[in-house]
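> Can you read through this structure? Questions will come right after.
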Amino acid sequence: MKKIFITGAGGYVGAKLVPALLNKNYSVTAFDLFIYGEEVLDKHKNLEVVVGDIRNTNILDKVIPGHDAVIHLACISNDPSFELNPQLGQSINLDAFEPMVQIAKKSKVERFIYASSSSVYGLKSEKNVTEEVSLEPLTDYSKFKVECEKILKPFNSEDFTTVTIRPATVCGYSRRQRLDVVVNILTNLAFNKREISIFGGKQLRPNIHIDDMVRSYILMLEARKDKISGEVFNVGYDNLSIEEIATKVKNIIGEDVKLKTTPTDDNRSYHISSSKIQKQLNFSPMFGVEDAIKDLKLAFEKKLLPNSLTDDVYFNIKRMEKIKLK
């Protein structure tokens with residue numbers, strides 16, 4: 001049985017990835033600060049939960065040895081979280097990275113899978129933003145993602161396979177729900193306020209359903225080494241404008257939902273091509289933005305997301321402010 005070490009296992013994607021791996025008979029160590037609660041993961045005979053900070057190399061030295069692969073998801077996500085405390089963002093998203101990779105390599109881990117971000121491209125006019133397009137990150141968050149990609153590359157070797165994923169914006173339902181990413185924000189407002197404010201509307205956003213995101217990580221664990229060694233893959237599906245996303249939300253949540261458009265200075269527009277992962281690894285998304293909206297609608301109807309407009313547990317910045325994370 002393969003043993004997988006996951007940082008950020010209590011996060012939005014981690015809370016879905018861990019059960020998916022356990023279902024496939026992997027043994028999993030879930031490593032996280034669990035600032036959103038440990039209850040996002042159910043107990044399981046093949047699951048070990050370790051509450052820890054990736055900046056603490058003493059803990060990593062103890063817990064990483066004995067694993068076959070590391071999936072590194074842990075980070076302070078999204079740009080506003082950075083503005084809250086830039087030093088915190090740097091310490092977690094950049095400074096902790098190389099020591100962890102070194103520990104993984106010396107511990108004879110065979111595969112290191114890194115979750116970067118499609119925001120590393122910045123604003124692009126090209127129709128197809130492939131992995132070869134130049135990186136022009138606009139924020140500290142995306143700059144540190146680029147730095148980590150550069151740090152990781154030279155570690156790739158015959159006995160240590162490294163691979164980087166650049167995900168689109170993830171959407172859909174998770175036990176550790178985020179409601180501060182675009183599809184989820186609009187669905188939450190539509191369901192609970194019956195009104196969506198659209199700022200601008202023409203800006204493009206690449207999206208990926210959370211279940212496809214999970215599938216892509218499992219693919220990186222199971223793909224032949226020569227297919228992924230040292231590679232970088234975009235993982236996205238729908239490149240939709242914010243206006244298009246809002247219209248889909250309205251169609252699914254209810255015709256009574258009002259769409260209110262306001263001009264904005266924030267014209268950041270991202271789109272990516274995911275043809276490489278399709279050609280090289282035969283990976284195609286199985287779910288779209290509509291599926292994510294439907295999943296969230298069901299979660300709201302079942303009252304799985306109480307106080308979704310106000311509870312800080314759904315909003316990264318609010319939670320970090322509340323617990324004064326340092």
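For the structure tokens, the naming scheme is as follows: chains receive sequential letters (A, B, ...) according to their order of presentation, residues are indexed from 1 within each chain, and ligands are indexed from 1 in presentation order.
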Kindly provide the residues of region 221-243 of chain A that approach region 272-286 of chain A to within 7 Å, each paired with its closest atom pair and their distance in Å to one decimal, based on only C-alpha atoms, listed by chain and increasing number, as a tab-separated table.

```
residue	atom	partner	partner_atom	distance
A:Phe233	CA	A:Ile277	CA	5.9
A:Asn234	CA	A:Ser274	CA	5.2
A:Val235	CA	A:Ser274	CA	5.6
A:Gly236	CA	A:Ser274	CA	5.8
A:Tyr237	CA	A:Pro285	CA	6.4
```
> Restricting the output to C-alpha atoms, write the selected residues as a PDB file, in the first residue's frame.

```
ATOM      1  CA  PHE A 233       0.563  20.959 -16.251  1.00  0.00           C
ATOM      2  CA  ASN A 234      -2.274  23.464 -16.400  1.00  0.00           C
ATOM      3  CA  VAL A 235      -5.468  21.974 -14.983  1.00  0.00           C
ATOM      4  CA  GLY A 236      -8.635  23.810 -15.940  1.00  0.00           C
ATOM      5  CA  TYR A 237     -11.850  23.411 -17.848  1.00  0.00           C
TER       6      TYR A 237
END
```
> Within 6 Å of region 190-205 of chain A, counting only C-alpha atoms, which residues qualify if same-chain residues fewer than 6 places away don't, as a CSV table (one decimal) with N, CA and C atoms, in the first residue's frame?

```csv
chain,number,residue,atom,x,y,z
A,239,ASN,N,-13.2,28.3,-19.3
A,239,ASN,CA,-12.8,29.7,-19.2
A,239,ASN,C,-14.0,30.6,-19.5
A,240,LEU,N,-14.6,31.0,-18.5
A,240,LEU,CA,-15.9,31.8,-18.6
A,240,LEU,C,-15.7,33.2,-18.1
A,241,SER,N,-16.5,34.1,-18.7
A,241,SER,CA,-16.5,35.5,-18.1
A,241,SER,C,-17.3,35.5,-16.8
A,242,ILE,N,-17.1,36.4,-16.0
A,242,ILE,CA,-17.8,36.5,-14.7
A,242,ILE,C,-19.3,36.6,-15.0
A,243,GLU,N,-19.6,37.4,-16.0
A,243,GLU,CA,-21.0,37.5,-16.5
A,243,GLU,C,-21.7,36.2,-16.9
A,257,VAL,N,-33.5,35.4,-9.1
A,257,VAL,CA,-32.2,36.0,-8.7
A,257,VAL,C,-31.9,37.2,-9.6
A,258,LYS,N,-31.6,38.3,-8.9
A,258,LYS,CA,-31.3,39.6,-9.7
A,258,LYS,C,-29.8,39.7,-10.0
A,259,LEU,N,-29.4,40.1,-11.2
A,259,LEU,CA,-28.0,40.3,-11.5
A,259,LEU,C,-27.8,41.9,-11.6
A,260,LYS,N,-26.9,42.3,-10.8
A,260,LYS,CA,-26.6,43.8,-10.7
A,260,LYS,C,-25.2,44.0,-11.1
A,261,THR,N,-25.0,44.8,-12.2
A,261,THR,CA,-23.6,45.0,-12.8
A,261,THR,C,-23.1,46.4,-12.4
A,262,THR,N,-21.9,46.4,-11.9
A,262,THR,CA,-21.2,47.6,-11.4
A,262,THR,C,-19.9,47.7,-12.1
A,263,PRO,N,-19.5,48.9,-12.6
A,263,PRO,CA,-18.2,49.0,-13.2
A,263,PRO,C,-17.1,48.8,-12.2
A,264,THR,N,-15.9,48.4,-12.7
A,264,THR,CA,-14.8,48.1,-11.8
A,264,THR,C,-13.4,48.5,-12.4
A,269,SER,N,-8.0,39.5,-16.0
A,269,SER,CA,-8.7,38.5,-16.8
A,269,SER,C,-7.8,37.3,-17.1
A,270,TYR,N,-8.1,36.2,-16.6
A,270,TYR,CA,-7.2,35.0,-16.8
A,270,TYR,C,-7.9,33.9,-17.6
A,271,HIS,N,-7.1,33.3,-18.5
A,271,HIS,CA,-7.7,32.1,-19.2
A,271,HIS,C,-6.5,31.2,-19.4
```
> Would you list the contacts of Glu110 (chain A) as a PyMOL selection string, taking every protein, DNA or RNA residue within 8 Å and counting only C-alpha atoms, but skipping same-chain residues closer than 3 positions in sequence?
chain A and resi 68-69+105+159-161
> Looking at only C-alpha atoms, which of A:Lys62, A:Lys16, A:Lys106, A:Arg111 is the one that sits closest to Lys225 (chain A)?
A:Arg111
> Tell me which protein, DNA and RNA residues are within 6 Å of region 128-142 of chain A, counting only C-alpha atoms, leaving out same-chain ones fewer than 3 positions away, and put them as a PyMOL selection string.
chain A and resi 79+119-122+145+272-273
> Within region 69-278 of chain A, find each residue whose DSSP state, derived from the backbone, is alpha helix (DSSP H), and express the selection as a ChimeraX atom specification.
/A:79-84,86-90,97-106,140-152,182-193,210-222,225-228,242-253,275-278
> Could you give me, as a list in words, the residues within 10 Å of Pro65 (chain A), counting only C-alpha atoms and dropping anything in the same chain fewer than 4 positions from it?
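Final neighbour list, sorted by chain and number: Phe5, Leu60, Asp61, Ile103, Ala104, Lys105, Lys106, Ser107, Lys108 and Val109 of chain A.
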> Quick one: residues within 9 Å of Arg178 (chain A), only C-alpha atoms, excluding same-chain residues fewer than 2 positions away - as a list in words?
Gly11, Tyr12, Cys171, Gly172, Tyr173, Ser174, Arg176, Asp180, Val181, Asn184, Ile185, Val313, Tyr314, Phe315 and Asn316 of chain A
> Write out the residues from the selection above, keeping C-alpha atoms, as a short mmCIF file (atom, residue, chain, number, x, y, z; two decimals), in the first residue's frame.

```cif
data_model
loop_
_atom_site.label_atom_id
_atom_site.label_comp_id
_atom_site.auth_asym_id
_atom_site.auth_seq_id
_atom_site.Cartn_x
_atom_site.Cartn_y
_atom_site.Cartn_z
CA GLY A 11 -8.10 22.64 3.31
CA TYR A 12 -10.74 23.04 0.62
CA CYS A 171 -15.27 25.43 -7.50
CA GLY A 172 -17.88 23.15 -5.95
CA TYR A 173 -18.72 21.61 -2.57
CA SER A 174 -16.25 20.36 0.04
CA ARG A 176 -14.08 22.41 4.24
CA ASP A 180 -14.39 33.27 -1.31
CA VAL A 181 -13.73 31.98 -4.85
CA ASN A 184 -18.86 29.70 -4.98
CA ILE A 185 -19.24 33.41 -4.08
CA VAL A 313 -15.01 29.44 8.53
CA TYR A 314 -15.86 29.87 4.82
CA PHE A 315 -13.61 32.88 4.23
CA ASN A 316 -9.83 32.50 4.49
#
```
